[in-house]
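Visitor: Pasting protein-v9.pdb here (PDB, C-alpha atoms):
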ATOM      1  CA  MET A   3      -3.007  41.878 -22.898
ATOM      2  CA  SER A   4      -5.331  38.948 -23.465
ATOM      3  CA  ALA A   5      -8.826  39.245 -22.031
ATOM      4  CA  PRO A   6      -9.888  36.849 -19.270
ATOM      5  CA  THR A   7     -11.933  33.778 -20.077
ATOM      6  CA  THR A   8     -15.436  33.326 -18.662
ATOM      7  CA  ALA A   9     -16.747  30.382 -16.663
ATOM      8  CA  THR A  10     -20.178  30.297 -18.277
ATOM      9  CA  GLY A  11     -21.637  26.816 -18.421
ATOM     10  CA  LEU A  12     -18.952  24.998 -16.425
ATOM     11  CA  ALA A  13     -20.586  22.196 -14.458
ATOM     12  CA  GLY A  14     -19.704  22.254 -10.770
ATOM     13  CA  TYR A  15     -18.543  25.872 -10.891
ATOM     14  CA  PRO A  16     -21.662  27.990 -10.321
ATOM     15  CA  PHE A  17     -19.725  30.845  -8.733
ATOM     16  CA  ALA A  18     -19.756  34.507  -9.742
ATOM     17  CA  PRO A  19     -16.100  35.553  -9.551
ATOM     18  CA  ARG A  20     -15.099  39.013  -8.372
ATOM     19  CA  THR A  21     -12.035  40.959  -9.474
ATOM     20  CA  ALA A  22      -9.301  42.788  -7.585
ATOM     21  CA  ASP A  23      -6.629  45.087  -8.988
ATOM     22  CA  VAL A  24      -3.226  43.497  -8.398
ATOM     23  CA  GLY A  25      -0.302  45.337  -9.926
ATOM     24  CA  GLY A  26      -2.475  46.898 -12.585
ATOM     25  CA  HIS A  27      -3.993  43.571 -13.639
ATOM     26  CA  ARG A  28      -7.401  42.130 -12.857
ATOM     27  CA  MET A  29      -7.145  39.163 -10.521
ATOM     28  CA  SER A  30     -10.285  37.050 -10.559
ATOM     29  CA  TYR A  31     -11.311  35.356  -7.329
ATOM     30  CA  VAL A  32     -14.216  33.490  -5.797
ATOM     31  CA  ASP A  33     -15.500  34.752  -2.446
ATOM     32  CA  GLU A  34     -18.111  32.410  -0.954
ATOM     33  CA  GLY A  35     -19.747  32.399   2.468
ATOM     34  CA  ASP A  36     -20.393  34.914   5.234
ATOM     35  CA  ARG A  37     -17.972  37.868   5.133
ATOM     36  CA  ASP A  38     -17.706  37.727   8.939
ATOM     37  CA  ALA A  39     -16.934  33.997   9.033
ATOM     38  CA  PRO A  40     -13.419  32.571   9.541
ATOM     39  CA  PRO A  41     -11.562  32.962   6.210
ATOM     40  CA  VAL A  42     -10.105  30.083   4.214
ATOM     41  CA  LEU A  43      -7.687  30.889   1.366
ATOM     42  CA  LEU A  44      -7.292  28.349  -1.453
ATOM     43  CA  VAL A  45      -4.151  28.736  -3.582
ATOM     44  CA  HIS A  46      -3.936  26.731  -6.817
ATOM     45  CA  GLY A  47      -1.021  25.618  -8.962
ATOM     46  CA  ASN A  48      -0.245  25.002 -12.634
ATOM     47  CA  PRO A  49      -2.030  24.345 -14.982
ATOM     48  CA  THR A  50      -5.121  24.585 -12.783
ATOM     49  CA  TRP A  51      -7.161  27.496 -11.414
ATOM     50  CA  SER A  52      -9.842  28.063  -8.754
ATOM     51  CA  PHE A  53     -12.032  25.484 -10.548
ATOM     52  CA  TYR A  54      -9.776  22.811  -9.037
ATOM     53  CA  PHE A  55     -11.127  23.723  -5.576
ATOM     54  CA  ARG A  56     -14.806  23.687  -6.593
ATOM     55  CA  THR A  57     -15.776  20.942  -4.102
ATOM     56  CA  LEU A  58     -14.271  22.912  -1.203
ATOM     57  CA  LEU A  59     -15.859  26.119  -2.520
ATOM     58  CA  ARG A  60     -19.212  24.403  -2.094
ATOM     59  CA  SER A  61     -18.648  22.492   1.149
ATOM     60  CA  LEU A  62     -16.680  24.903   3.345
ATOM     61  CA  PRO A  63     -19.129  27.856   3.227
ATOM     62  CA  ALA A  64     -21.870  25.445   4.257
ATOM     63  CA  ARG A  65     -19.803  24.774   7.375
ATOM     64  CA  GLY A  66     -19.788  28.436   8.345
ATOM     65  CA  ARG A  67     -16.640  29.691   6.653
ATOM     66  CA  ARG A  68     -15.723  32.396   4.168
ATOM     67  CA  VAL A  69     -13.779  30.786   1.336
ATOM     68  CA  LEU A  70     -11.544  32.760  -1.028
ATOM     69  CA  ALA A  71      -9.965  31.277  -4.163
ATOM     70  CA  PRO A  72      -7.942  33.636  -6.385
ATOM     71  CA  ASP A  73      -6.700  32.835  -9.878
ATOM     72  CA  HIS A  74      -3.057  33.821 -10.315
ATOM     73  CA  ILE A  75      -2.410  36.557 -12.867
ATOM     74  CA  GLY A  76      -2.308  34.845 -16.268
ATOM     75  CA  MET A  77      -4.343  31.900 -14.987
ATOM     76  CA  GLY A  78      -8.014  31.003 -14.764
ATOM     77  CA  LEU A  79     -10.322  33.968 -15.245
ATOM     78  CA  SER A  80      -7.696  36.583 -14.359
ATOM     79  CA  ASP A  81      -6.075  38.880 -16.905
ATOM     80  CA  LYS A  82      -3.547  37.102 -19.100
ATOM     81  CA  PRO A  83      -0.697  39.568 -19.702
ATOM     82  CA  SER A  84       2.360  38.866 -21.812
ATOM     83  CA  ARG A  85       5.754  38.252 -20.261
ATOM     84  CA  HIS A  86       6.643  41.804 -21.181
ATOM     85  CA  ASP A  87       3.755  43.109 -19.066
ATOM     86  CA  HIS A  88       4.133  40.701 -16.108
ATOM     87  CA  PRO A  89       7.195  38.789 -14.802
ATOM     88  CA  HIS A  90       5.375  35.450 -14.225
ATOM     89  CA  THR A  91       8.003  34.405 -11.630
ATOM     90  CA  LEU A  92       7.596  32.755  -8.240
ATOM     91  CA  ALA A  93       8.707  35.928  -6.456
ATOM     92  CA  GLN A  94       6.083  37.912  -8.362
ATOM     93  CA  ARG A  95       3.399  35.326  -7.553
ATOM     94  CA  VAL A  96       4.160  35.689  -3.842
ATOM     95  CA  ALA A  97       3.999  39.476  -4.168
ATOM     96  CA  ASP A  98       0.676  39.192  -6.033
ATOM     97  CA  LEU A  99      -0.825  36.975  -3.328
ATOM     98  CA  THR A 100       0.435  39.338  -0.633
ATOM     99  CA  ALA A 101      -1.221  42.280  -2.385
ATOM    100  CA  PHE A 102      -4.429  40.296  -2.785
ATOM    101  CA  VAL A 103      -4.628  39.308   0.885
ATOM    102  CA  ASP A 104      -3.709  42.810   2.038
ATOM    103  CA  GLY A 105      -6.507  44.206  -0.098
ATOM    104  CA  LEU A 106      -9.088  42.013   1.624
ATOM    105  CA  ASP A 107      -8.462  43.706   4.992
ATOM    106  CA  LEU A 108      -9.138  40.476   6.903
ATOM    107  CA  THR A 109      -9.504  40.841  10.662
ATOM    108  CA  GLU A 110      -8.569  37.314  11.743
ATOM    109  CA  PRO A 111      -5.996  34.662  10.747
ATOM    110  CA  VAL A 112      -6.501  32.740   7.501
ATOM    111  CA  SER A 113      -6.757  28.984   7.089
ATOM    112  CA  LEU A 114      -4.537  28.220   4.100
ATOM    113  CA  VAL A 115      -5.077  25.410   1.556
ATOM    114  CA  VAL A 116      -2.372  24.921  -1.088
ATOM    115  CA  HIS A 117      -1.701  22.606  -4.028
ATOM    116  CA  ASP A 118       1.189  22.279  -6.500
ATOM    117  CA  TRP A 119       2.748  25.744  -7.192
ATOM    118  CA  GLY A 120       0.195  27.072  -4.727
ATOM    119  CA  GLY A 121       2.433  25.503  -2.082
ATOM    120  CA  PRO A 122       5.537  27.640  -2.675
ATOM    121  CA  ILE A 123       3.352  30.694  -3.318
ATOM    122  CA  GLY A 124       0.982  30.339  -0.364
ATOM    123  CA  LEU A 125       3.521  28.968   2.107
ATOM    124  CA  ALA A 126       6.077  31.641   1.201
ATOM    125  CA  TRP A 127       3.446  34.254   2.030
ATOM    126  CA  ALA A 128       2.547  32.398   5.239
ATOM    127  CA  ALA A 129       6.187  32.056   6.324
ATOM    128  CA  GLU A 130       6.571  35.839   6.142
ATOM    129  CA  HIS A 131       3.256  36.421   7.974
ATOM    130  CA  PRO A 132       2.911  33.530  10.461
ATOM    131  CA  ASP A 133       0.743  35.616  12.777
ATOM    132  CA  ARG A 134      -1.851  35.912   9.983
ATOM    133  CA  VAL A 135      -2.169  32.131   9.563
ATOM    134  CA  ALA A 136      -4.405  29.718  11.457
ATOM    135  CA  GLU A 137      -4.361  26.187   9.985
ATOM    136  CA  ILE A 138      -2.573  24.917   6.875
ATOM    137  CA  VAL A 139      -3.705  22.196   4.463
ATOM    138  CA  VAL A 140      -1.084  20.925   2.008
ATOM    139  CA  MET A 141      -1.731  18.849  -1.133
ATOM    140  CA  ASN A 142       1.023  17.419  -3.377
ATOM    141  CA  THR A 143       3.503  20.267  -3.476
ATOM    142  CA  GLY A 144       7.011  21.272  -2.474
ATOM    143  CA  ALA A 145       8.203  23.987  -0.119
ATOM    144  CA  PHE A 146      11.928  23.670  -0.741
ATOM    145  CA  PRO A 147      14.344  23.301  -3.680
ATOM    146  CA  LEU A 148      14.124  19.918  -5.381
ATOM    147  CA  PRO A 149      16.540  17.404  -3.821
ATOM    148  CA  PRO A 150      19.654  16.994  -6.044
ATOM    149  CA  ASP A 151      18.857  13.345  -6.779
ATOM    150  CA  HIS A 152      15.219  13.994  -7.679
ATOM    151  CA  GLY A 153      14.763  14.094 -11.448
ATOM    152  CA  LEU A 154      11.880  15.441 -13.515
ATOM    153  CA  PRO A 155       9.550  13.342 -15.703
ATOM    154  CA  TRP A 156      10.179  13.518 -19.449
ATOM    155  CA  MET A 157       7.153  15.746 -19.980
ATOM    156  CA  LEU A 158       8.517  18.434 -17.662
ATOM    157  CA  ARG A 159      12.028  18.117 -19.074
ATOM    158  CA  ALA A 160      10.695  18.578 -22.625
ATOM    159  CA  ALA A 161       8.493  21.448 -21.488
ATOM    160  CA  ARG A 162      11.580  23.347 -20.308
ATOM    161  CA  LEU A 163      13.508  23.181 -23.616
ATOM    162  CA  PRO A 164      13.721  26.721 -25.080
ATOM    163  CA  VAL A 165      12.095  26.228 -28.516
ATOM    164  CA  VAL A 166      10.347  22.911 -27.993
ATOM    165  CA  SER A 167       8.584  24.174 -24.884
ATOM    166  CA  ASP A 168       7.058  27.131 -26.696
ATOM    167  CA  VAL A 169       5.604  24.780 -29.289
ATOM    168  CA  LEU A 170       4.472  22.081 -26.870
ATOM    169  CA  VAL A 171       3.254  24.111 -23.904
ATOM    170  CA  ARG A 172       2.116  27.447 -25.269
ATOM    171  CA  ARG A 173       1.135  26.758 -28.880
ATOM    172  CA  LEU A 174      -0.234  23.193 -28.650
ATOM    173  CA  GLY A 175      -1.318  23.104 -24.989
ATOM    174  CA  ALA A 176       0.366  19.733 -24.509
ATOM    175  CA  PHE A 177       1.246  20.390 -20.872
ATOM    176  CA  SER A 178      -2.350  21.143 -19.885
ATOM    177  CA  LEU A 179      -3.592  18.126 -21.835
ATOM    178  CA  GLY A 180      -0.872  15.855 -20.495
ATOM    179  CA  ALA A 181      -1.639  16.860 -16.925
ATOM    180  CA  LEU A 182      -5.157  15.469 -17.355
ATOM    181  CA  VAL A 183      -3.614  12.030 -17.948
ATOM    182  CA  LEU A 184      -0.542  12.090 -15.696
ATOM    183  CA  GLY A 185      -2.279  14.063 -12.946
ATOM    184  CA  THR A 186      -4.796  11.400 -11.984
ATOM    185  CA  GLY A 187      -4.634   7.902 -10.587
ATOM    186  CA  ARG A 188      -7.678   7.006 -12.669
ATOM    187  CA  ALA A 189      -7.690   5.940 -16.297
ATOM    188  CA  TRP A 190      -9.112   9.378 -17.150
ATOM    189  CA  LEU A 191     -10.653  12.319 -15.322
ATOM    190  CA  PRO A 192     -14.418  12.819 -15.752
ATOM    191  CA  ALA A 193     -15.552  15.060 -18.612
ATOM    192  CA  GLU A 194     -16.638  17.802 -16.170
ATOM    193  CA  ALA A 195     -13.140  18.008 -14.723
ATOM    194  CA  ARG A 196     -11.396  17.871 -18.088
ATOM    195  CA  ARG A 197     -13.527  20.611 -19.590
ATOM    196  CA  GLY A 198     -13.271  22.857 -16.537
ATOM    197  CA  LEU A 199      -9.533  22.520 -16.007
ATOM    198  CA  LEU A 200      -8.814  23.282 -19.672
ATOM    199  CA  ALA A 201     -11.389  26.060 -20.164
ATOM    200  CA  PRO A 202      -9.175  29.112 -19.472
ATOM    201  CA  TYR A 203      -6.294  27.783 -21.579
ATOM    202  CA  ASP A 204      -8.030  27.522 -24.926
ATOM    203  CA  ARG A 205      -5.477  29.302 -27.135
ATOM    204  CA  PRO A 206      -1.747  30.133 -27.128
ATOM    205  CA  GLU A 207      -2.060  33.669 -25.721
ATOM    206  CA  HIS A 208      -3.988  32.208 -22.778
ATOM    207  CA  ARG A 209      -1.179  29.744 -22.013
ATOM    208  CA  VAL A 210       1.642  32.227 -21.413
ATOM    209  CA  ALA A 211       1.540  31.751 -17.632
ATOM    210  CA  VAL A 212       1.247  27.958 -17.936
ATOM    211  CA  HIS A 213       4.437  28.014 -20.009
ATOM    212  CA  ALA A 214       6.175  30.438 -17.634
ATOM    213  CA  PHE A 215       5.359  28.314 -14.577
ATOM    214  CA  VAL A 216       7.037  25.281 -16.168
ATOM    215  CA  GLN A 217      10.115  27.260 -17.124
ATOM    216  CA  ASP A 218      10.331  28.694 -13.597
ATOM    217  CA  ILE A 219      10.855  25.255 -12.015
ATOM    218  CA  PRO A 220      14.244  25.689 -10.310
ATOM    219  CA  LEU A 221      16.819  22.980 -10.977
ATOM    220  CA  GLY A 222      19.732  24.779  -9.299
ATOM    221  CA  PRO A 223      20.807  27.838  -7.295
ATOM    222  CA  ALA A 224      21.169  29.964 -10.436
ATOM    223  CA  ASP A 225      17.448  29.684 -11.267
ATOM    224  CA  PRO A 226      15.300  32.694 -10.223
ATOM    225  CA  ALA A 227      12.858  30.675  -8.085
ATOM    226  CA  HIS A 228      15.608  28.952  -6.068
ATOM    227  CA  PRO A 229      16.251  31.760  -3.522
ATOM    228  CA  VAL A 230      12.508  32.021  -2.795
ATOM    229  CA  LEU A 231      12.307  28.287  -2.095
ATOM    230  CA  ALA A 232      15.520  28.312  -0.073
ATOM    231  CA  ARG A 233      14.199  31.062   2.193
ATOM    232  CA  LEU A 234      10.868  29.243   2.535
ATOM    233  CA  GLU A 235      12.693  26.070   3.559
ATOM    234  CA  GLU A 236      14.561  28.006   6.266
ATOM    235  CA  ARG A 237      11.318  29.438   7.643
ATOM    236  CA  LEU A 238       9.211  26.267   7.549
ATOM    237  CA  PRO A 239       9.726  25.671  11.310
ATOM    238  CA  LEU A 240       7.583  28.788  11.859
ATOM    239  CA  LEU A 241       4.741  27.049  10.021
ATOM    240  CA  ASP A 242       5.228  23.738  11.822
ATOM    241  CA  ALA A 243       4.067  25.593  14.935
ATOM    242  CA  HIS A 244       0.633  25.785  13.284
ATOM    243  CA  PRO A 245      -1.801  22.879  12.839
ATOM    244  CA  VAL A 246      -0.932  21.286   9.473
ATOM    245  CA  GLN A 247      -2.821  18.621   7.554
ATOM    246  CA  VAL A 248      -1.303  16.936   4.475
ATOM    247  CA  HIS A 249      -3.176  15.108   1.676
ATOM    248  CA  TRP A 250      -0.962  13.243  -0.782
ATOM    249  CA  GLY A 251      -1.789  11.364  -3.977
ATOM    250  CA  MET A 252       0.824   8.604  -4.068
ATOM    251  CA  LYS A 253       0.694   8.172  -7.866
ATOM    252  CA  ASP A 254       2.078  11.655  -8.473
ATOM    253  CA  PRO A 255       4.997  11.351 -10.954
ATOM    254  CA  VAL A 256       6.706  14.520  -9.622
ATOM    255  CA  PHE A 257       5.656  15.014  -6.000
ATOM    256  CA  ASP A 258       6.129  11.372  -5.129
ATOM    257  CA  ALA A 259       6.753   9.468  -1.890
ATOM    258  CA  ASP A 260      10.296  10.860  -1.731
ATOM    259  CA  ILE A 261       9.051  14.463  -1.808
ATOM    260  CA  LEU A 262       6.400  13.598   0.789
ATOM    261  CA  ALA A 263       9.170  12.259   3.056
ATOM    262  CA  HIS A 264      10.972  15.599   2.712
ATOM    263  CA  VAL A 265       7.723  17.413   3.594
ATOM    264  CA  GLU A 266       7.265  15.241   6.691
ATOM    265  CA  ARG A 267      10.825  15.912   7.867
ATOM    266  CA  ARG A 268      10.278  19.655   7.587
ATOM    267  CA  LEU A 269       6.767  19.624   9.066
ATOM    268  CA  PRO A 270       7.108  16.795  11.611
ATOM    269  CA  ARG A 271       3.945  17.676  13.538
ATOM    270  CA  ALA A 272       1.701  17.470  10.468
ATOM    271  CA  GLU A 273      -1.220  15.075  10.204
ATOM    272  CA  VAL A 274      -0.623  13.135   6.968
ATOM    273  CA  PHE A 275      -3.103  11.245   4.782
ATOM    274  CA  ARG A 276      -1.856   9.114   1.890
ATOM    275  CA  TYR A 277      -4.121   8.157  -1.023
ATOM    276  CA  PRO A 278      -2.599   5.117  -2.770
ATOM    277  CA  ASP A 279      -4.812   5.339  -5.870
ATOM    278  CA  ALA A 280      -4.741   9.127  -6.316
ATOM    279  CA  GLY A 281      -2.436  11.173  -8.515
ATOM    280  CA  HIS A 282      -1.186  14.743  -8.538
ATOM    281  CA  TYR A 283      -4.731  16.084  -8.857
ATOM    282  CA  VAL A 284      -5.474  14.451  -5.522
ATOM    283  CA  LEU A 285      -8.575  16.567  -4.855
ATOM    284  CA  GLU A 286     -10.064  15.412  -8.169
ATOM    285  CA  ASP A 287      -9.380  11.780  -7.295
ATOM    286  CA  GLU A 288     -10.489  11.890  -3.622
ATOM    287  CA  PRO A 289     -12.928  14.832  -3.211
ATOM    288  CA  GLU A 290     -15.202  13.258  -0.605
ATOM    289  CA  ALA A 291     -12.491  11.903   1.690
ATOM    290  CA  ILE A 292     -10.421  15.089   1.536
ATOM    291  CA  GLY A 293     -13.457  17.342   1.937
ATOM    292  CA  ALA A 294     -14.587  15.511   5.076
ATOM    293  CA  ARG A 295     -11.108  15.535   6.600
ATOM    294  CA  VAL A 296     -10.519  19.211   5.857
ATOM    295  CA  ASP A 297     -13.924  20.059   7.380
ATOM    296  CA  ALA A 298     -13.076  18.158  10.555
ATOM    297  CA  PHE A 299      -9.590  19.665  10.712
ATOM    298  CA  LEU A 300     -10.830  23.233  10.442
ATOM    299  CA  ASP A 301     -13.605  22.510  12.962
ATOM    300  CA  ARG A 302     -11.014  21.840  15.671
ATOM    301  CA  ARG A 303     -10.228  25.514  16.081
TER     302      ARG A 303
END
Go ahead and render the structure in this file as structure tokens.
Guide:
Amino acid sequence: MSAPTTATGLAGYPFAPRTADVGGHRMSYVDEGDRDAPPVLLVHGNPTWSFYFRTLLRSLPARGRRVLAPDHIGMGLSDKPSRHDHPHTLAQRVADLTAFVDGLDLTEPVSLVVHDWGGPIGLAWAAEHPDRVAEIVVMNTGAFPLPPDHGLPWMLRAARLPVVSDVLVRRLGAFSLGALVLGTGRAWLPAEARRGLLAPYDRPEHRVAVHAFVQDIPLGPADPAHPVLARLEERLPLLDAHPVQVHWGMKDPVFDADILAHVERRLPRAEVFRYPDAGHYVLEDEPEAIGARVDAFLDRR
């Protein structure tokens, strides 16, 4: 098992992460704010980690909330086990998040914020526990199998090839590096963001989960993640009964306007904000606007 990375010296991430035992592995998480305050759970995707939510980790506790941001096993500052020691599948990610939330022994419903793979993971948990959910904030993600006519960008297609993907994604880190370019609507993310997003994925043994996430993208019913997404799609009406706010970077090459339209059809009561100049890393591109709108949304309770 590869040891977790540290966050020492990362600008904008002054937090002291805690650890929880999840399936025999150390899951790192940030826990900011008053323990008795309403809880907000931030669930990240790939190839990010809790660093991606650093602006919300600063702003939401100041508004009287307890904010929790776990790093998935194999990601961020959590343990980085091999595939032999951890499945690294969507179903396992949902089970890990369930174990994490159960271990917190929260006494009131959680406000859920999800991005990218954090959408299927967090929303699948929420769909099985709707009574434990308050509000939901969704950022550039999917909660259903990809539509049959929706292709993948070349980078994701290449990253799924059996031998090529191991070289590109795990050995060379090309997926993490490429996401810095394709994930933003800007010419380039600021140095603080680039350094922080890449920090935990500094060598091949630290990129096992990044690689596994890409390979777990389901393209058809035979893929392991497909049944999880199909069940989530069936149960999305349970979540539409909750207040939902959507933030969408319109320059996302994967979760584009077509995917947003599918999200809106399945969550028709959601409040939707489009950001024409933002990319997949929408919170990096529009931190102030999203932070203010999330604050106001959560204040309505």
Visitor: The PyMOL selection byres ((chain A and resi 187) around 9) on the file shown: which residues, as a PyMOL selection string?
Guide: chain A and resi 183-186+188-191+251-254+278-284+287
Visitor: In file coordinates, which residues lie within 10 Å of (-3.3, 40.0, -1.5) using all atoms listed in the file, given as a VMD selection string?
Guide: chain A and resid 22 to 24 29 72 96 to 107 127
Visitor: At what distance in Å, to one decimal, does CA of Pro289 in chain A lie from CA of Pro111 in chain A?
Guide: 25.2 Å
Visitor: Quick one: apply the PyMOL selection byres ((chain A and resi 73) around 10) to the file and drop the selected residues here as a PyMOL selection string.
Guide: chain A and resi 19+21+28-32+44-47+50-53+71-72+74-81+99
Visitor: Quick one: residues within 9 Å of range 159-166 of chain A, all atoms listed in the file, excluding same-chain residues fewer than 5 positions away - as a CSV table (one decimal) with C-alpha atoms, in the coordinates of the input?
Guide:
chain,number,residue,atom,x,y,z
A,154,LEU,CA,11.9,15.4,-13.5
A,171,VAL,CA,3.3,24.1,-23.9
A,176,ALA,CA,0.4,19.7,-24.5
A,177,PHE,CA,1.2,20.4,-20.9
A,213,HIS,CA,4.4,28.0,-20.0
A,216,VAL,CA,7.0,25.3,-16.2
A,217,GLN,CA,10.1,27.3,-17.1
A,218,ASP,CA,10.3,28.7,-13.6
A,219,ILE,CA,10.9,25.3,-12.0
Visitor: Give me the result of the PyMOL selection byres ((chain A and resi 242) around 9) on this file, residue by residue, as a ChimeraX atom specification.
Guide: /A:238-241,243-246,268-272
Visitor: May I have the selected residues written with C-alpha atoms, as a short mmCIF file (atom, residue, chain, number, x, y, z; two decimals), in the frame of the given file?
Guide:
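Once written, result.cif looks like this:
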data_model
loop_
_atom_site.label_atom_id
_atom_site.label_comp_id
_atom_site.auth_asym_id
_atom_site.auth_seq_id
_atom_site.Cartn_x
_atom_site.Cartn_y
_atom_site.Cartn_z
CA LEU A 238 9.21 26.27 7.55
CA PRO A 239 9.73 25.67 11.31
CA LEU A 240 7.58 28.79 11.86
CA LEU A 241 4.74 27.05 10.02
CA ALA A 243 4.07 25.59 14.94
CA HIS A 244 0.63 25.78 13.28
CA PRO A 245 -1.80 22.88 12.84
CA VAL A 246 -0.93 21.29 9.47
CA ARG A 268 10.28 19.66 7.59
CA LEU A 269 6.77 19.62 9.07
CA PRO A 270 7.11 16.80 11.61
CA ARG A 271 3.94 17.68 13.54
CA ALA A 272 1.70 17.47 10.47
#
Visitor: As an exercise, work out the distance from CA of Leu182 in chain A to CA of His27 in chain A in Å and give it to one decimal place.
Guide: 28.4 Å
Visitor: Would you mind telling me which residue in A:His249, A:Arg295, A:Arg276, A:Arg196 lies nearest to Val116 in chain A when using only C-alpha atoms?
Guide: A:His249
Visitor: Between A:Asp168, A:Glu273, A:Glu290, A:Arg56, which has the minimum distance to Glu137 in chain A (counting all atoms listed in the file)?
Guide: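 Among A:Asp168, A:Glu273, A:Glu290, A:Arg56, it is A:Glu273 that comes nearest to Glu137 in chain A.
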Visitor: Please report the interatomic distance between CA of Ser61 in chain A and CA of Asp118 in chain A in Å with one decimal.
Guide: 21.3 Å
